[in-house]
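Below is start05.cif, holding mmCIF, C-alpha atoms.
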data_run
loop_
_atom_site.label_atom_id
_atom_site.label_comp_id
_atom_site.auth_asym_id
_atom_site.auth_seq_id
_atom_site.Cartn_x
_atom_site.Cartn_y
_atom_site.Cartn_z
CA MET A 1 10.78 7.03 -50.99
CA ASP A 2 11.96 4.60 -53.67
CA TYR A 3 9.89 4.52 -56.86
CA LYS A 4 12.07 1.95 -58.59
CA TYR A 5 9.19 -0.56 -58.99
CA ILE A 6 6.98 2.11 -60.61
CA GLN A 7 9.82 3.05 -63.00
CA GLN A 8 10.27 -0.63 -63.95
CA LEU A 9 6.52 -0.91 -64.59
CA LEU A 10 6.67 2.24 -66.75
CA GLU A 11 9.54 0.78 -68.81
CA ARG A 12 7.58 -2.45 -69.30
CA TYR A 13 4.46 -0.36 -70.11
CA TRP A 14 6.29 1.48 -72.95
CA GLU A 15 7.45 -1.88 -74.30
CA CYS A 16 3.84 -3.18 -74.17
CA GLN A 17 4.74 -6.00 -71.81
CA THR A 18 2.59 -5.16 -68.77
CA SER A 19 -0.39 -7.15 -67.65
CA ILE A 20 -3.78 -5.67 -66.84
CA GLU A 21 -3.06 -5.93 -63.10
CA GLU A 22 0.24 -4.04 -63.52
CA GLU A 23 -1.52 -1.30 -65.48
CA GLU A 24 -4.07 -1.03 -62.66
CA ILE A 25 -1.15 -0.53 -60.24
CA LEU A 26 0.13 2.30 -62.43
CA ARG A 27 -3.31 3.92 -62.60
CA ALA A 28 -3.72 3.66 -58.83
CA PHE A 29 -0.27 5.18 -58.28
CA PHE A 30 -0.85 8.13 -60.60
CA SER A 31 -4.30 8.82 -59.15
CA GLN A 32 -2.65 9.86 -55.84
CA LYS A 33 -2.26 13.53 -54.97
CA GLU A 34 1.49 13.45 -54.24
CA ILE A 35 3.62 12.20 -57.11
CA PRO A 36 7.38 12.75 -57.54
CA ALA A 37 8.33 15.49 -59.99
CA GLU A 38 10.20 13.14 -62.35
CA LEU A 39 7.01 11.01 -62.73
CA ALA A 40 4.44 13.87 -62.78
CA ARG A 41 4.63 14.13 -66.57
CA TYR A 42 2.95 10.68 -66.89
CA LYS A 43 0.03 11.47 -64.57
CA SER A 44 -2.28 12.83 -67.28
CA LEU A 45 -1.81 9.64 -69.32
CA PHE A 46 -2.96 7.30 -66.55
CA VAL A 47 -5.66 9.52 -65.04
CA TYR A 48 -7.30 10.23 -68.41
CA GLY A 49 -9.50 7.09 -68.33
CA ALA A 50 -10.88 7.87 -64.87
CA GLN A 51 -11.59 11.48 -65.85
CA GLN A 52 -13.42 10.42 -69.02
CA ALA A 53 -15.47 7.82 -67.14
CA GLN A 54 -16.91 10.60 -64.98
CA GLN A 55 -18.05 12.64 -67.98
CA HIS A 56 -21.47 11.80 -69.43
CA LEU A 57 -23.52 13.17 -72.27
CA GLY A 58 -26.16 15.56 -71.07
CA SER A 59 -29.86 15.19 -71.70
CA ASP A 60 -29.68 18.11 -74.13
CA PHE A 61 -26.88 16.55 -76.23
CA ASP A 62 -29.15 15.82 -79.21
CA GLU A 63 -30.50 19.38 -79.27
CA ARG A 64 -26.99 20.86 -79.10
CA VAL A 65 -25.76 18.69 -82.00
CA LEU A 66 -28.81 19.50 -84.13
CA ALA A 67 -28.43 23.20 -83.35
CA ALA A 68 -24.75 23.01 -84.34
CA ILE A 69 -25.57 21.51 -87.73
CA GLY A 70 -28.57 23.78 -88.28
CA GLU A 71 -31.47 21.34 -88.05
CA GLU A 72 -34.43 21.41 -85.74
CA PRO A 73 -35.28 18.35 -83.66
CA ALA A 74 -38.12 16.25 -85.03
CA PRO A 75 -41.21 16.11 -82.81
CA ALA A 76 -41.71 12.88 -80.94
CA LYS A 77 -43.99 10.53 -82.85
CA VAL A 78 -46.96 9.37 -80.83
CA VAL A 79 -47.93 5.79 -81.57
CA PRO A 80 -51.40 4.77 -80.37
CA VAL A 81 -51.68 1.67 -78.24
CA ARG A 82 -53.43 -1.22 -79.92
CA ARG A 83 -55.27 -3.63 -77.70
CA ILE A 84 -55.17 -7.16 -79.00
CA SER A 85 -57.98 -9.40 -77.87
CA LEU A 86 -57.56 -13.05 -76.99
CA MET A 87 -59.53 -14.02 -80.09
CA ARG A 88 -57.11 -12.07 -82.29
CA ARG A 89 -54.10 -13.61 -80.56
CA LEU A 90 -55.43 -17.13 -81.14
CA ARG A 91 -56.46 -16.52 -84.77
CA PRO A 92 -53.30 -18.15 -86.22
CA LEU A 93 -53.95 -21.19 -84.04
CA TYR A 94 -57.53 -21.42 -85.32
CA ARG A 95 -56.32 -21.19 -88.91
CA ALA A 96 -53.77 -23.94 -88.32
CA ALA A 97 -56.42 -26.16 -86.71
CA ALA A 98 -58.77 -25.59 -89.65
CA ALA A 99 -56.01 -26.45 -92.13
CA VAL A 100 -55.23 -29.66 -90.23
CA ALA A 101 -58.94 -30.59 -90.17
CA ILE A 102 -59.31 -30.00 -93.92
CA VAL A 103 -56.19 -32.01 -94.75
CA THR A 104 -57.34 -34.85 -92.48
CA LEU A 105 -60.82 -34.87 -94.02
CA LEU A 106 -59.47 -34.89 -97.57
CA GLY A 107 -56.93 -37.58 -96.69
CA THR A 108 -59.59 -39.80 -95.15
CA ALA A 109 -61.91 -39.36 -98.14
CA ALA A 110 -59.08 -40.09 -100.57
CA GLN A 111 -58.00 -43.14 -98.61
CA HIS A 112 -61.55 -44.47 -98.55
CA SER A 113 -62.05 -43.94 -102.29
CA PHE A 114 -58.74 -45.65 -103.14
CA THR A 115 -59.11 -48.62 -100.81
CA SER A 116 -62.77 -49.47 -101.33
CA SER A 117 -63.70 -52.04 -103.93
CA SER A 118 -66.92 -53.92 -104.64
CA THR A 119 -65.69 -57.11 -102.94
CA SER A 120 -64.12 -55.68 -99.81
CA ALA A 121 -66.56 -52.86 -99.06
CA PRO A 122 -67.76 -52.75 -95.45
CA ALA A 123 -71.44 -53.30 -94.66
CA GLY A 124 -72.04 -49.56 -94.07
CA TRP A 125 -70.93 -48.73 -97.59
CA ASP A 126 -72.98 -51.27 -99.57
CA TYR A 127 -74.28 -49.65 -102.75
CA ASN A 128 -75.22 -52.90 -104.47
CA GLN A 129 -78.94 -52.59 -105.31
CA SER A 130 -79.25 -56.23 -106.31
CA ALA A 131 -78.49 -57.28 -102.74
CA TYR A 132 -81.78 -55.83 -101.51
CA LYS A 133 -84.93 -57.98 -101.62
CA ASP A 134 -88.50 -56.80 -101.92
CA SER A 135 -90.44 -57.29 -98.72
CA TYR A 136 -93.78 -57.25 -100.57
CA GLN A 137 -94.72 -59.49 -103.48
CA ASP A 138 -97.85 -57.49 -104.26
CA PRO A 139 -97.20 -53.91 -105.47
CA GLN A 140 -100.56 -52.75 -104.13
CA LYS A 141 -99.62 -53.83 -100.58
CA ALA A 142 -96.27 -52.09 -100.92
CA TYR A 143 -98.02 -48.90 -102.03
CA GLU A 144 -100.46 -49.02 -99.09
CA ALA A 145 -97.62 -49.62 -96.61
CA SER A 146 -95.64 -46.69 -97.98
CA MET A 147 -98.68 -44.40 -97.89
CA LYS A 148 -99.33 -45.41 -94.29
CA THR A 149 -95.71 -44.59 -93.43
CA LEU A 150 -95.93 -41.22 -95.17
CA GLU A 151 -99.17 -40.42 -93.34
CA MET A 152 -97.47 -41.19 -90.02
CA PHE A 153 -94.59 -38.94 -91.03
CA LYS A 154 -97.00 -36.17 -92.01
CA GLN A 155 -98.78 -36.39 -88.65
CA GLY A 156 -95.45 -36.34 -86.83
CA ALA A 157 -94.30 -33.30 -88.80
CA GLN A 158 -97.63 -31.54 -88.22
CA THR A 159 -97.38 -32.31 -84.51
CA ALA A 160 -93.87 -30.83 -84.45
CA VAL A 161 -95.07 -27.67 -86.24
CA ASN A 162 -98.00 -27.32 -83.82
CA ASP A 163 -95.74 -27.82 -80.81
CA SER A 164 -93.28 -25.19 -82.01
CA ALA A 165 -96.12 -22.76 -82.79
CA ASN A 166 -97.61 -23.32 -79.32
CA HIS A 167 -94.21 -22.83 -77.74
CA ALA A 168 -93.66 -19.58 -79.66
CA ALA A 169 -97.12 -18.34 -78.68
CA ASP A 170 -96.43 -19.17 -75.02
CA GLY A 171 -93.16 -17.24 -75.23
CA THR A 172 -94.93 -14.22 -76.74
CA GLU A 173 -97.61 -14.29 -74.03
CA LYS A 174 -94.97 -14.47 -71.30
CA ALA A 175 -93.08 -11.55 -72.84
CA ASN A 176 -96.30 -9.50 -73.05
CA THR A 177 -97.15 -10.19 -69.40
CA ARG A 178 -93.65 -9.12 -68.34
CA VAL A 179 -94.01 -5.84 -70.25
CA ASN A 180 -97.45 -5.22 -68.74
CA LYS A 181 -96.14 -5.84 -65.21
CA GLU A 182 -93.37 -3.29 -65.63
#
Represent the structure contained in this file as structure tokens.
Amino acid sequence: MDYKYIQQLLERYWECQTSIEEEEILRAFFSQKEIPAELARYKSLFVYGAQQAQQHLGSDFDERVLAAIGEEPAPAKVVPVRRISLMRRLRPLYRAAAAVAIVTLLGTAAQHSFTSSSTSAPAGWDYNQSAYKDSYQDPQKAYEASMKTLEMFKQGAQTAVNDSANHAADGTEKANTRVNKE
């Protein structure tokens, strides 16, 4: 058999002029079982990569290296699992929302204080006391009207207190009847 093409590829290989495909042809040729005697001396060079690809580090490699240098392997560090709640995950978002709300509030207050003047103030922000008129000419009538208003407020507040006390008493009675039934 004529191995002239293989010899030409070898000459080009030694001159570093072969392509990757041509080197694959050489590797495939030298991986065969029957190789001519004059080319057998190159077999180990081209089969070396395939032989090394089959070798892998064992699972005990670290222990063997540490034993060779005289150290003992460090015990595996156990890290506890931390569960992160949804509230904790969203905490940065809450902080950002609070910061935006504070900045907006301060900006609005600053804008209002800088833009408001006594002539252009809206009706809701009228602090001019001279603009208000007295509805009563007689101070005694004004006093009686205000006392009547305060009395109505007092009765309303007392009614609210009585209603809440009655409601609380009803709730206590219901709770006591539930305990007695059980």
Computed gap from CA of Tyr94 (chain A) to CA of Gly107 (chain A) is 19.8 Å
Once the PyMOL selection byres ((chain A and resi 44-54) around 9) is applied to the coordinates I shared, what remains selected? I want it as an MDAnalysis selection string. chainID A and resid 23 26:31 40:43 55:56
For the atom pair CA of Lys77 (chain A) and CA of Leu57 (chain A), what is the interatomic distance in Å to one decimal place? 23.2 Å
In Å, how far is it from CA of Leu39 (chain A) to CA of Gln7 (chain A)?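 These two atoms are separated by 8.4 Å.
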When you count only C-alpha atoms, which of these residues is closest to Ile25 (chain A): A:Leu150, A:Thr115, A:Ile84, A:Tyr13?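 Closest to Ile25 (chain A) of all the choices is A:Tyr13.
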Which residues, written as a list in words, have at least one atom at most 10 Å from Tyr3 (chain A), with only C-alpha atoms counted and residues fewer than 5 positions away on the same chain left out? Gln8, Ile35, Pro36 and Leu39 of chain A
